[in-house]
$ cat my_file_11.cif   # mmCIF, C-alpha atoms and all ligand atoms
data_coords
loop_
_atom_site.label_atom_id
_atom_site.label_comp_id
_atom_site.auth_asym_id
_atom_site.auth_seq_id
_atom_site.Cartn_x
_atom_site.Cartn_y
_atom_site.Cartn_z
CA MET A 1 0.00 0.00 0.00
CA LEU A 2 1.26 3.43 -0.89
CA LEU A 3 0.79 5.98 1.81
CA ILE A 4 1.08 9.57 0.76
CA ILE A 5 1.32 12.08 3.54
CA ASP A 6 0.86 15.67 2.51
CA ILE A 7 3.06 17.92 4.57
CA MET A 8 1.55 21.31 5.28
CA LYS A 9 3.69 24.00 3.66
CA SER A 10 3.49 27.72 4.17
CA GLY A 11 5.20 30.88 3.07
CA ILE A 12 5.05 34.66 2.89
CA ILE A 13 4.31 36.21 -0.47
CA ALA A 14 4.71 39.94 -1.13
CA VAL A 15 2.34 41.36 -3.73
CA ILE A 16 4.07 44.33 -5.30
CA GLY A 17 3.66 46.57 -8.32
CA ARG A 18 2.96 50.09 -9.54
CA PRO A 19 -0.09 51.92 -8.18
CA ASN A 20 -3.45 50.85 -9.55
CA VAL A 21 -2.37 47.57 -11.16
CA GLY A 22 -4.79 45.58 -8.97
CA LYS A 23 -2.73 44.29 -6.04
CA SER A 24 -5.47 44.82 -3.46
CA THR A 25 -8.16 43.47 -5.77
CA LEU A 26 -6.09 40.31 -6.19
CA LEU A 27 -5.59 39.92 -2.45
CA ASN A 28 -9.33 40.21 -1.81
CA ARG A 29 -10.01 37.69 -4.57
CA LEU A 30 -7.49 35.22 -3.14
CA ILE A 31 -8.87 35.43 0.39
CA GLY A 32 -12.49 35.60 -0.74
CA GLU A 33 -13.26 38.51 1.59
CA LYS A 34 -12.89 42.21 1.14
CA LEU A 35 -10.01 42.78 3.52
CA THR A 36 -8.14 45.54 1.80
CA ILE A 37 -9.44 48.65 0.11
CA VAL A 38 -9.62 49.22 -3.63
CA SER A 39 -10.25 52.27 -5.80
CA PRO A 40 -9.76 53.37 -9.41
CA ARG A 41 -7.25 55.97 -8.20
CA PRO A 42 -3.53 55.35 -7.68
CA GLN A 43 -1.96 55.13 -4.22
CA THR A 44 -5.03 53.76 -2.47
CA THR A 45 -3.13 51.33 -0.23
CA TRP A 46 -0.96 52.95 2.43
CA GLN A 47 -0.17 50.09 4.76
CA ARG A 48 0.89 46.50 4.51
CA LEU A 49 -1.75 43.96 5.35
CA HIS A 50 -1.51 40.20 5.57
CA GLY A 51 -4.26 38.16 3.92
CA ILE A 52 -4.03 34.50 4.84
CA LEU A 53 -5.36 31.66 2.70
CA THR A 54 -5.26 28.18 4.22
CA THR A 55 -6.04 25.15 2.07
CA GLU A 56 -5.77 21.45 2.92
CA ASP A 57 -2.03 21.30 2.48
CA ALA A 58 -0.84 24.87 2.17
CA GLN A 59 -0.96 28.21 3.87
CA PHE A 60 -0.29 31.29 1.76
CA VAL A 61 0.40 34.53 3.62
CA PHE A 62 -0.03 37.32 1.08
CA ILE A 63 1.15 40.83 1.90
CA ASP A 64 -0.67 43.70 0.22
CA THR A 65 1.62 46.69 -0.23
CA PRO A 66 1.44 50.34 -1.34
CA GLY A 67 2.09 50.82 -5.07
CA LEU A 68 5.66 51.70 -5.92
CA GLU A 69 5.94 55.02 -7.68
CA THR A 70 9.20 56.65 -8.64
CA ASP A 71 8.34 59.96 -10.22
CA LYS A 72 6.80 61.42 -7.09
CA ASN A 73 8.81 62.23 -4.04
CA SER A 74 7.66 63.39 -0.67
CA GLN A 75 8.19 62.27 2.88
CA PHE A 76 4.89 60.46 2.68
CA ILE A 77 5.63 58.64 -0.60
CA SER A 78 9.00 57.60 0.73
CA ALA A 79 7.27 56.15 3.83
CA LEU A 80 5.02 54.14 1.50
CA LYS A 81 8.05 52.97 -0.43
CA LYS A 82 9.75 51.85 2.77
CA THR A 83 6.64 49.88 3.74
CA THR A 84 6.66 48.05 0.42
CA LEU A 85 10.37 47.32 0.53
CA SER A 86 10.07 45.96 4.07
CA ALA A 87 7.39 43.55 2.83
CA VAL A 88 9.72 42.46 0.03
CA ASN A 89 12.42 41.82 2.60
CA ASP A 90 10.17 39.73 4.81
CA ALA A 91 8.76 37.67 1.96
CA ASP A 92 9.82 34.23 0.74
CA ILE A 93 8.30 34.79 -2.71
CA ILE A 94 7.59 37.94 -4.72
CA LEU A 95 4.56 38.46 -6.94
CA HIS A 96 5.13 41.35 -9.32
CA ILE A 97 1.84 42.53 -10.81
CA VAL A 98 1.67 44.49 -14.04
CA GLU A 99 -1.02 45.61 -16.45
CA PRO A 100 -1.19 43.94 -19.88
CA PHE A 101 1.21 46.24 -21.68
CA ILE A 102 4.89 47.06 -21.68
CA ALA A 103 5.56 50.08 -19.52
CA ASP A 104 8.78 52.03 -19.05
CA LYS A 105 7.63 52.78 -15.56
CA GLU A 106 8.21 49.15 -14.56
CA LYS A 107 11.95 49.68 -14.82
CA TYR A 108 12.31 50.86 -11.23
CA ILE A 109 10.62 47.75 -9.84
CA ILE A 110 12.52 45.45 -12.18
CA ASP A 111 15.81 46.98 -10.96
CA GLU A 112 14.76 46.46 -7.35
CA LEU A 113 13.80 42.85 -8.08
CA LYS A 114 17.09 42.11 -9.79
CA LYS A 115 18.80 42.74 -6.45
CA LEU A 116 16.82 39.90 -4.89
CA LYS A 117 18.69 37.02 -6.41
CA ASP A 118 17.69 34.39 -3.89
CA LYS A 119 13.90 34.86 -3.89
CA PRO A 120 11.55 33.27 -6.40
CA LYS A 121 9.74 35.95 -8.37
CA MET A 122 6.59 35.53 -10.41
CA LEU A 123 5.11 37.96 -12.85
CA LEU A 124 1.34 38.33 -12.99
CA ILE A 125 -0.12 40.08 -16.01
CA ASN A 126 -3.42 41.31 -14.55
CA LYS A 127 -6.59 42.74 -16.10
CA ILE A 128 -6.58 40.32 -19.02
CA ASP A 129 -10.37 40.61 -19.04
CA LEU A 130 -9.80 44.00 -20.70
CA LYS A 131 -8.10 42.33 -23.69
CA LYS A 132 -10.56 40.51 -25.89
CA ASP A 133 -7.83 39.38 -28.26
CA LYS A 134 -5.47 37.29 -26.10
CA GLN A 135 -2.81 37.35 -28.87
CA ILE A 136 -2.07 40.88 -27.72
CA LEU A 137 -0.56 39.40 -24.56
CA LEU A 138 2.20 37.58 -26.45
CA PRO A 139 4.62 40.50 -26.97
CA VAL A 140 4.08 41.52 -23.34
CA THR A 141 4.83 38.01 -22.09
CA ASP A 142 7.89 37.76 -24.35
CA TRP A 143 9.22 41.10 -23.18
CA TYR A 144 9.08 40.03 -19.55
CA ALA A 145 10.38 36.52 -20.33
CA ASP A 146 13.46 38.09 -21.95
CA LEU A 147 14.41 39.54 -18.60
CA ALA A 148 15.01 35.95 -17.46
CA MET A 149 14.12 36.87 -13.93
CA TYR A 150 10.73 35.34 -13.28
CA SER A 151 10.12 31.70 -12.42
CA ASP A 152 6.64 31.98 -13.96
CA ILE A 153 4.64 34.47 -15.99
CA ILE A 154 0.92 34.07 -15.45
CA PRO A 155 -1.88 36.05 -17.10
CA ILE A 156 -4.71 36.65 -14.63
CA SER A 157 -7.78 38.70 -13.96
CA ALA A 158 -8.23 39.62 -10.32
CA ILE A 159 -11.78 40.69 -11.15
CA THR A 160 -13.00 37.53 -12.91
CA GLY A 161 -10.66 35.08 -11.14
CA ASP A 162 -9.09 33.90 -14.39
CA GLY A 163 -5.68 32.30 -13.80
CA ILE A 164 -5.97 32.25 -10.01
CA ASP A 165 -5.99 28.43 -9.78
CA ILE A 166 -2.81 28.26 -11.85
CA LEU A 167 -1.24 30.94 -9.67
CA LEU A 168 -1.94 29.01 -6.45
CA HIS A 169 -0.76 25.76 -7.99
CA GLU A 170 2.56 27.31 -9.04
CA LEU A 171 3.00 29.22 -5.81
CA LYS A 172 2.63 26.07 -3.75
CA LYS A 173 5.85 24.71 -5.22
CA TYR A 174 7.84 27.53 -3.67
CA LEU A 175 6.38 27.59 -0.16
CA PRO A 176 9.47 27.05 2.01
CA THR A 177 8.17 26.52 5.54
CA GLU A 178 6.85 23.32 7.06
CA GLY A 179 3.72 23.79 9.15
CA MET A 180 1.52 26.83 9.47
CA LEU A 181 2.44 30.42 10.28
CA TYR A 182 -1.06 31.37 11.46
CA SER A 183 -3.90 29.32 12.91
CA GLU A 184 -6.09 27.93 10.15
CA ASP A 185 -9.05 30.22 10.79
CA THR A 186 -7.04 33.45 10.65
CA ILE A 187 -7.57 35.50 7.50
CA THR A 188 -5.71 38.68 8.35
CA ASP A 189 -3.23 40.21 10.80
CA LYS A 190 -5.31 43.37 11.14
CA TYR A 191 -7.82 44.04 13.89
CA GLU A 192 -11.43 44.65 12.91
CA LYS A 193 -10.99 48.17 14.21
CA GLU A 194 -8.22 48.84 11.66
CA LEU A 195 -10.22 47.27 8.83
CA ALA A 196 -13.15 49.54 9.73
CA ALA A 197 -10.92 52.63 9.54
CA GLU A 198 -9.70 51.56 6.12
CA ILE A 199 -13.26 51.07 4.85
CA ILE A 200 -14.03 54.69 5.76
CA ARG A 201 -10.90 55.83 3.94
CA GLU A 202 -11.94 53.86 0.86
CA LYS A 203 -15.29 55.65 0.77
CA MET A 204 -13.45 58.97 0.68
CA PHE A 205 -11.60 57.78 -2.42
CA TYR A 206 -14.96 57.26 -4.10
CA SER A 207 -16.89 60.24 -2.73
CA THR A 208 -14.41 63.12 -2.68
CA ARG A 209 -12.14 64.46 -5.38
CA ASP A 210 -8.71 65.91 -6.08
CA GLU A 211 -6.34 65.86 -3.14
CA VAL A 212 -8.98 65.22 -0.48
CA PRO A 213 -8.67 61.41 -0.28
CA TYR A 214 -4.90 61.77 -0.11
CA SER A 215 -5.17 64.28 2.73
CA ALA A 216 -7.63 62.31 4.80
CA VAL A 217 -6.94 59.48 7.18
CA CYS A 218 -9.27 57.73 9.55
CA VAL A 219 -8.85 56.49 13.10
CA VAL A 220 -11.40 54.37 14.94
CA ASP A 221 -11.57 55.81 18.45
CA ARG A 222 -13.96 53.24 19.89
CA PHE A 223 -15.08 49.82 18.67
CA ASP A 224 -17.73 48.67 21.10
CA GLU A 225 -19.09 45.14 20.89
CA SER A 226 -20.25 45.02 24.47
CA GLN A 227 -23.93 45.80 24.01
CA ARG A 228 -26.46 43.00 24.37
CA ASP A 229 -28.30 44.06 21.19
CA ARG A 230 -25.34 42.71 19.15
CA ILE A 231 -25.00 46.01 17.32
CA ILE A 232 -21.33 46.99 17.04
CA ARG A 233 -20.87 50.69 17.79
CA ILE A 234 -18.01 52.32 15.94
CA TYR A 235 -16.87 55.88 16.67
CA ALA A 236 -14.28 57.19 14.22
CA THR A 237 -12.48 60.42 13.38
CA ILE A 238 -11.44 61.50 9.91
CA TYR A 239 -8.39 63.77 10.03
CA VAL A 240 -7.80 66.19 7.17
CA GLU A 241 -5.02 68.68 6.58
CA LYS A 242 -6.99 71.89 6.01
CA ALA A 243 -10.23 73.55 7.13
CA SER A 244 -11.41 73.69 3.49
CA GLN A 245 -11.06 69.91 3.25
CA ARG A 246 -13.10 69.53 6.41
CA GLY A 247 -15.85 71.47 4.69
CA ILE A 248 -15.69 69.16 1.66
CA VAL A 249 -15.77 66.00 3.75
CA ILE A 250 -18.76 67.24 5.75
CA GLY A 251 -20.57 68.63 2.67
CA SER A 252 -23.51 70.93 2.58
CA HIS A 253 -25.76 70.22 5.57
CA GLY A 254 -23.63 67.15 6.27
CA SER A 255 -24.60 65.47 2.99
CA MET A 256 -21.10 64.19 2.17
CA ILE A 257 -20.28 62.75 5.58
CA LYS A 258 -23.67 61.07 5.57
CA LYS A 259 -22.92 59.47 2.20
CA ILE A 260 -19.46 58.31 3.35
CA GLY A 261 -20.92 56.99 6.62
CA THR A 262 -23.77 55.08 5.00
CA SER A 263 -21.64 53.32 2.40
CA ALA A 264 -18.94 52.54 5.01
CA ARG A 265 -21.53 51.11 7.39
CA ILE A 266 -22.93 48.80 4.68
CA ASP A 267 -19.43 47.39 3.99
CA MET A 268 -18.68 47.04 7.70
CA GLU A 269 -21.88 45.09 8.25
CA LYS A 270 -20.89 42.72 5.44
CA LEU A 271 -17.40 42.25 6.86
CA LEU A 272 -18.45 41.90 10.50
CA GLY A 273 -21.64 39.96 9.81
CA THR A 274 -23.71 42.07 12.19
CA LYS A 275 -25.47 45.43 12.42
CA VAL A 276 -23.23 48.44 12.88
CA TYR A 277 -23.89 51.85 14.36
CA LEU A 278 -21.34 54.31 13.00
CA GLU A 279 -20.57 57.80 14.24
CA LEU A 280 -18.08 59.93 12.31
CA TYR A 281 -16.23 63.10 13.30
CA VAL A 282 -14.05 65.27 11.06
CA LYS A 283 -11.07 67.14 12.50
CA VAL A 284 -8.31 69.27 11.02
CA ARG A 285 -4.80 68.18 11.87
CA LYS A 286 -2.36 70.38 10.01
CA ASN A 287 0.61 68.65 8.41
CA TRP A 288 -0.32 65.25 9.81
CA LYS A 289 1.60 63.63 6.97
CA LYS A 290 4.80 65.11 8.38
CA ASP A 291 4.04 64.35 12.01
CA LYS A 292 6.11 61.28 12.78
CA THR A 293 4.41 60.57 16.10
CA PHE A 294 0.96 60.70 14.53
CA LEU A 295 2.05 58.58 11.54
CA LYS A 296 3.31 55.98 13.97
CA GLU A 297 0.10 56.15 15.98
CA ILE A 298 -1.96 55.34 12.89
CA GLY A 299 0.41 52.65 11.69
CA LEU A 300 2.10 54.59 8.88
CA LYS A 301 5.65 54.75 10.15
N1 LIG A 401 -10.82 45.21 -15.53
C1 LIG A 401 -10.11 44.93 -14.44
N2 LIG A 401 -9.91 45.86 -13.50
C2 LIG A 401 -9.19 45.54 -12.42
C3 LIG A 401 -8.63 44.25 -12.24
N3 LIG A 401 -7.96 44.23 -11.05
C4 LIG A 401 -8.11 45.46 -10.52
N4 LIG A 401 -8.85 46.25 -11.33
C5 LIG A 401 -9.25 47.66 -11.09
O1 LIG A 401 -8.08 48.46 -11.01
C6 LIG A 401 -8.26 49.54 -10.08
C7 LIG A 401 -7.14 49.52 -9.05
O2 LIG A 401 -7.26 48.36 -8.24
P1 LIG A 401 -6.54 48.24 -6.83
O3 LIG A 401 -6.71 46.83 -6.39
O4 LIG A 401 -6.96 49.33 -5.90
O5 LIG A 401 -5.03 48.50 -7.28
P2 LIG A 401 -3.71 48.53 -6.37
O6 LIG A 401 -2.62 47.94 -7.18
O7 LIG A 401 -3.97 47.91 -5.04
O8 LIG A 401 -3.47 50.10 -6.23
P3 LIG A 401 -2.66 50.92 -5.07
O9 LIG A 401 -3.17 50.47 -3.74
O10 LIG A 401 -3.06 52.33 -5.37
O11 LIG A 401 -1.21 50.68 -5.29
C8 LIG A 401 -9.66 49.33 -9.46
O12 LIG A 401 -10.56 50.17 -10.13
C9 LIG A 401 -9.94 47.86 -9.75
O13 LIG A 401 -11.32 47.59 -9.87
C10 LIG A 401 -8.86 43.25 -13.25
O14 LIG A 401 -8.44 42.10 -13.20
N5 LIG A 401 -9.61 43.67 -14.33
MG MG A 402 -3.89 48.68 -3.16
#

$ encode --input "my_file_11.cif" --output "C-alpha cells" --more "lines below"
Ligand SMILES: Nc1nc2c(ncn2[C@@H]2O[C@H](COP(=O)(O)OP(=O)(O)OP(=O)(O)O)[C@@H](O)[C@H]2O)c(=O)[nH]1
Ligand SMILES: [Mg+2]
Amino acid sequence: MLLIIDIMKSGIIAVIGRPNVGKSTLLNRLIGEKLTIVSPRPQTTWQRLHGILTTEDAQFVFIDTPGLETDKNSQFISALKKTTLSAVNDADIILHIVEPFIADKEKYIIDELKKLKDKPKMLLINKIDLKKDKQILLPVTDWYADLAMYSDIIPISAITGDGIDILLHELKKYLPTEGMLYSEDTITDKYEKELAAEIIREKMFYSTRDEVPYSAVCVVDRFDESQRDRIIRIYATIYVEKASQRGIVIGSHGSMIKKIGTSARIDMEKLLGTKVYLELYVKVRKNWKKDKTFLKEIGLK
C-alpha cells in the first residue's frame, strides 16, 4: 500500500507593483473577503496587510503593499516605499503585478527585483479581461520573459478570477516553511478596528475628489461590541489637513459625511456579519503627513 502524507507548507508572499495595477483586488479575490481597500485611483493602499489563505495542504500569507511610484517624491511617498520594501524583505516569494502592456515605468521595480537574487519571483499580467484578443498578450509576455528573472509568468484577472488556480498551484511549489504560520481560521493580521478605519478611507476615495482622499486618514476611536443588542458601535475620526477639506468631507448640511458613513456602514456590516452603528467626526490636523508621532500612531511609520 502506498501511503502519501501531505506535509503542510506555508510561506510569505509579497504582492508588489505600480499603483493601480490591482494588487489589493487580487488579495481580496485570493482570500475571498474584502479585507483591503480598492479604488480606481492610484496610491489607495498605504499600509501593509496580511491576507491568509489556508487550504488542505498549504498556507499562503499574502502581503498587500502600497504601489511603488518613482516619479513622485515626498516624505509620505518615501514612507510608503519603505513599507513596500520591508514587505519584500520579509517575503519568501515575490509576486510582481503588471497591467497587460509594456511600460517604461516598470523599470524601477525590475531593478529592485534584480537585487533579490535568492527569492523566487513571479510575474502576474493582470486585467486580461480588458483584452478581448489574447494574442495581444504575447509581446508583453515575451518582453518580460526576456528579462530571465521570473520563475513563472501568469496572465490573470483579479476581477474575474481567471488564472488564479494556476497561480496558487505554481505558488505552492515555492512555499518554504513546514507547518503553518497562522492558525487555520485566521484570515488577516489586522484588527477589525483597523479594517473599519480603512473602509471609511476607501469611501473617501470614491466620494471626494482631487487631493482630499490623499489628505484624509481615519482612526477608529472606539469599537464597542459590548452591548447586548449585538450592534457593534463604531466611533471614528477623519483627520484632514486643512479647514477647506473639512468642509468638503462634511458637505452641505452634512450630505457628504452622511454618504461616506452610510456606504462605510454597509461594507462594515458585510465584513463583520452584524449590524453596525457608526458615528463619524471630522477634524483638522495640520501637516499630519509630516508628524512622525501621529504617523506611527496610525500605523504609517
Ligand atoms: N478590468 C479589471 N480591473 C481591475 C482588475 N484588477 C483590478 N482592477 C481595477 O483596477 C483599479 C485599481 O485596483 P486596486 O486593487 O486598488 O489597485 P492597487 O494595485 O492595489 O493600487 P494601489 O493600492 O493604489 O497601489 C480598481 O478600479 C480595480 O477595480 C482586473 O483584473 N480587471
Ligand atoms: Mg492597493

$ closest_residue --input "my_file_11.cif" --among "A:Ala103, A:Met256, A:Ile232, A:Ile238" --to "A:Ile200" --atoms "all atoms listed in the file"
A:Ile238

$ residues_near_ligand --input "my_file_11.cif" --ligand "ligand LIG 401 (chain A)" --cutoff "8 Å" --atoms "all atoms listed in the file" --output "number ranges by chain"
A: 16-26, 37-46, 64-68, 97, 126-130, 156-161

$ residues_around --input "my_file_11.cif" --residues "A:Thr70" --least-positions-apart "4" --cutoff "12 Å" --atoms "all atoms listed in the file" --output "list in words"
Gly17, Arg18, Pro19, Ser74, Ile77, Ser78, Leu80, Lys81, Asp104, Lys105, Glu106, Lys107, Tyr108, Ile109, Asp111 and Glu112 of chain A

$ closest_residue --input "my_file_11.cif" --among "A:Glu99, A:Glu202, A:Glu170, A:Glu178" --to "ligand MG 402 (chain A)" --atoms "all atoms listed in the file"
A:Glu202

$ atom_distance --input "my_file_11.cif" --atom1 "atom CA of A:Thr293" --atom2 "atom CA of A:Thr83"
16.5 Å

$ residues_around --input "my_file_11.cif" --residues "A:Leu113" --least-positions-apart "2" --cutoff "12 Å" --atoms "only C-alpha atoms" --output "VMD selection string"
chain A and resid 14 16 to 17 85 88 to 89 93 to 96 106 to 111 115 to 123 147 to 150

$ write_last_selection --input "my_file_11.cif" --atoms "C-alpha atoms" --output "tab-separated table (two decimals), keeping the file's coordinate frame"
chain	number	residue	atom	x	y	z
A	14	ALA	CA	4.71	39.94	-1.13
A	16	ILE	CA	4.07	44.33	-5.30
A	17	GLY	CA	3.66	46.57	-8.32
A	85	LEU	CA	10.37	47.32	0.53
A	88	VAL	CA	9.72	42.46	0.03
A	89	ASN	CA	12.42	41.82	2.60
A	93	ILE	CA	8.30	34.79	-2.71
A	94	ILE	CA	7.59	37.94	-4.72
A	95	LEU	CA	4.56	38.46	-6.94
A	96	HIS	CA	5.13	41.35	-9.32
A	106	GLU	CA	8.21	49.15	-14.56
A	107	LYS	CA	11.95	49.68	-14.82
A	108	TYR	CA	12.31	50.86	-11.23
A	109	ILE	CA	10.62	47.75	-9.84
A	110	ILE	CA	12.52	45.45	-12.18
A	111	ASP	CA	15.81	46.98	-10.96
A	115	LYS	CA	18.80	42.74	-6.45
A	116	LEU	CA	16.82	39.90	-4.89
A	117	LYS	CA	18.69	37.02	-6.41
A	118	ASP	CA	17.69	34.39	-3.89
A	119	LYS	CA	13.90	34.86	-3.89
A	120	PRO	CA	11.55	33.27	-6.40
A	121	LYS	CA	9.74	35.95	-8.37
A	122	MET	CA	6.59	35.53	-10.41
A	123	LEU	CA	5.11	37.96	-12.85
A	147	LEU	CA	14.41	39.54	-18.60
A	148	ALA	CA	15.01	35.95	-17.46
A	149	MET	CA	14.12	36.87	-13.93
A	150	TYR	CA	10.73	35.34	-13.28

$ closest_residue --input "my_file_11.cif" --among "A:Glu69, A:Asp142, A:Asp185, A:Glu241" --to "A:Lys283" --atoms "only C-alpha atoms"
A:Glu241

$ residues_near_point --input "my_file_11.cif" --point "(6.9, 60.6, 6.9)" --cutoff "8 Å" --atoms "all atoms listed in the file" --output "count of residues only"
12

$ residues_around --input "my_file_11.cif" --residues "A:Tyr235" --least-positions-apart "3" --cutoff "12 Å" --atoms "all atoms listed in the file" --output "list in words"
Lys193, Ala196, Ala197, Ile200, Cys218, Val219, Val220, Asp221, Arg222, Phe223, Asp224, Glu225, Ile232, Ile238, Gly261, Arg265, Val276, Tyr277, Leu278, Glu279, Leu280, Tyr281 and Val282 of chain A

$ closest_residue --input "my_file_11.cif" --among "A:Asp229, A:Asp92, A:Glu198, A:Asp57" --to "ligand MG 402 (chain A)" --atoms "all atoms listed in the file"
A:Glu198

$ residues_near_point --input "my_file_11.cif" --point "(-6.1, 40.9, 9.0)" --cutoff "9 Å" --atoms "all atoms listed in the file" --output "list in words"
Leu35, Thr36, Leu49, His50, Gly51, Ile52, Thr186, Ile187, Thr188, Asp189, Lys190, Tyr191, Glu192, Glu194 and Leu195 of chain A

$ closest_residue --input "my_file_11.cif" --among "A:Gly299, A:Gly247, A:Gly163, A:Gly254" --to "A:Val284" --atoms "all atoms listed in the file"
A:Gly247

$ atom_distance --input "my_file_11.cif" --atom1 "atom CA of A:Asp146" --atom2 "atom CA of A:Leu171"
21.2 Å

$ atom_distance --input "my_file_11.cif" --atom1 "atom CA of A:Ile231" --atom2 "atom CA of A:Lys275"
5.0 Å

$ closest_residue --input "my_file_11.cif" --among "A:Val15, A:Leu175, A:Leu53, A:Ala264" --to "ligand MG 402 (chain A)" --atoms "only C-alpha atoms and all ligand atoms"
A:Val15

$ axis_aligned_box --input "my_file_11.cif" --around "stretch 198-210 of chain A" --padding-each-side "3 Å" --output "lines of an AutoDock Vina configuration file"
center_x = -12.8
center_y = 58.5
center_z = 0.0
size_x = 14.2
size_y = 20.8
size_z = 18.2

$ residues_around --input "my_file_11.cif" --residues "A:Thr208" --least-positions-apart "2" --cutoff "12 Å" --atoms "all atoms listed in the file" --output "list in words"
Arg41, Ile200, Arg201, Glu202, Lys203, Met204, Phe205, Tyr206, Asp210, Glu211, Val212, Pro213, Tyr214, Ser215, Ala216, Gln245, Arg246, Gly247, Ile248, Val249, Ile250, Gly251, Ser255, Met256, Ile257, Lys259 and Ile260 of chain A

$ build_atoms --input "my_file_11.cif" --residues "stretch 70-90 of chain A" --atoms "N, CA and C atoms" --output "PDB file, keeping the file's coordinate frame"
ATOM      1  N   THR A  70       7.864  56.065  -8.724  1.00  0.00           N
ATOM      2  CA  THR A  70       9.200  56.650  -8.640  1.00  0.00           C
ATOM      3  C   THR A  70       9.215  58.134  -8.962  1.00  0.00           C
ATOM      4  N   ASP A  71       8.246  58.571  -9.774  1.00  0.00           N
ATOM      5  CA  ASP A  71       8.340  59.960 -10.220  1.00  0.00           C
ATOM      6  C   ASP A  71       7.796  60.965  -9.219  1.00  0.00           C
ATOM      7  N   LYS A  72       7.266  60.479  -8.108  1.00  0.00           N
ATOM      8  CA  LYS A  72       6.800  61.420  -7.090  1.00  0.00           C
ATOM      9  C   LYS A  72       7.707  61.248  -5.886  1.00  0.00           C
ATOM     10  N   ASN A  73       7.983  62.373  -5.231  1.00  0.00           N
ATOM     11  CA  ASN A  73       8.810  62.230  -4.040  1.00  0.00           C
ATOM     12  C   ASN A  73       8.383  63.167  -2.930  1.00  0.00           C
ATOM     13  N   SER A  74       8.001  62.603  -1.846  1.00  0.00           N
ATOM     14  CA  SER A  74       7.660  63.390  -0.670  1.00  0.00           C
ATOM     15  C   SER A  74       7.967  62.488   0.506  1.00  0.00           C
ATOM     16  N   GLN A  75       7.927  63.068   1.681  1.00  0.00           N
ATOM     17  CA  GLN A  75       8.190  62.270   2.880  1.00  0.00           C
ATOM     18  C   GLN A  75       7.188  61.110   2.959  1.00  0.00           C
ATOM     19  N   PHE A  76       5.950  61.447   2.577  1.00  0.00           N
ATOM     20  CA  PHE A  76       4.890  60.460   2.680  1.00  0.00           C
ATOM     21  C   PHE A  76       5.105  59.310   1.685  1.00  0.00           C
ATOM     22  N   ILE A  77       5.392  59.677   0.417  1.00  0.00           N
ATOM     23  CA  ILE A  77       5.630  58.640  -0.600  1.00  0.00           C
ATOM     24  C   ILE A  77       6.826  57.778  -0.196  1.00  0.00           C
ATOM     25  N   SER A  78       7.842  58.416   0.375  1.00  0.00           N
ATOM     26  CA  SER A  78       9.000  57.600   0.730  1.00  0.00           C
ATOM     27  C   SER A  78       8.673  56.670   1.908  1.00  0.00           C
ATOM     28  N   ALA A  79       7.714  57.074   2.769  1.00  0.00           N
ATOM     29  CA  ALA A  79       7.270  56.150   3.830  1.00  0.00           C
ATOM     30  C   ALA A  79       6.530  54.962   3.208  1.00  0.00           C
ATOM     31  N   LEU A  80       5.734  55.238   2.175  1.00  0.00           N
ATOM     32  CA  LEU A  80       5.020  54.140   1.500  1.00  0.00           C
ATOM     33  C   LEU A  80       6.023  53.176   0.861  1.00  0.00           C
ATOM     34  N   LYS A  81       7.025  53.774   0.235  1.00  0.00           N
ATOM     35  CA  LYS A  81       8.050  52.970  -0.430  1.00  0.00           C
ATOM     36  C   LYS A  81       8.748  52.046   0.570  1.00  0.00           C
ATOM     37  N   LYS A  82       9.082  52.631   1.716  1.00  0.00           N
ATOM     38  CA  LYS A  82       9.750  51.850   2.770  1.00  0.00           C
ATOM     39  C   LYS A  82       8.877  50.667   3.193  1.00  0.00           C
ATOM     40  N   THR A  83       7.577  50.935   3.327  1.00  0.00           N
ATOM     41  CA  THR A  83       6.640  49.880   3.740  1.00  0.00           C
ATOM     42  C   THR A  83       6.677  48.736   2.734  1.00  0.00           C
ATOM     43  N   THR A  84       6.658  49.085   1.448  1.00  0.00           N
ATOM     44  CA  THR A  84       6.660  48.050   0.420  1.00  0.00           C
ATOM     45  C   THR A  84       7.980  47.275   0.434  1.00  0.00           C
ATOM     46  N   LEU A  85       9.087  48.004   0.552  1.00  0.00           N
ATOM     47  CA  LEU A  85      10.370  47.320   0.530  1.00  0.00           C
ATOM     48  C   LEU A  85      10.562  46.432   1.759  1.00  0.00           C
ATOM     49  N   SER A  86       9.955  46.819   2.875  1.00  0.00           N
ATOM     50  CA  SER A  86      10.070  45.960   4.070  1.00  0.00           C
ATOM     51  C   SER A  86       9.291  44.660   3.842  1.00  0.00           C
ATOM     52  N   ALA A  87       8.164  44.770   3.130  1.00  0.00           N
ATOM     53  CA  ALA A  87       7.390  43.550   2.830  1.00  0.00           C
ATOM     54  C   ALA A  87       8.198  42.638   1.910  1.00  0.00           C
ATOM     55  N   VAL A  88       8.889  43.240   0.951  1.00  0.00           N
ATOM     56  CA  VAL A  88       9.720  42.460   0.030  1.00  0.00           C
ATOM     57  C   VAL A  88      10.798  41.717   0.814  1.00  0.00           C
ATOM     58  N   ASN A  89      11.380  42.421   1.769  1.00  0.00           N
ATOM     59  CA  ASN A  89      12.420  41.820   2.600  1.00  0.00           C
ATOM     60  C   ASN A  89      11.928  40.629   3.395  1.00  0.00           C
ATOM     61  N   ASP A  90      10.720  40.771   3.939  1.00  0.00           N
ATOM     62  CA  ASP A  90      10.170  39.730   4.810  1.00  0.00           C
ATOM     63  C   ASP A  90       9.640  38.526   4.032  1.00  0.00           C
TER      64      ASP A  90
END
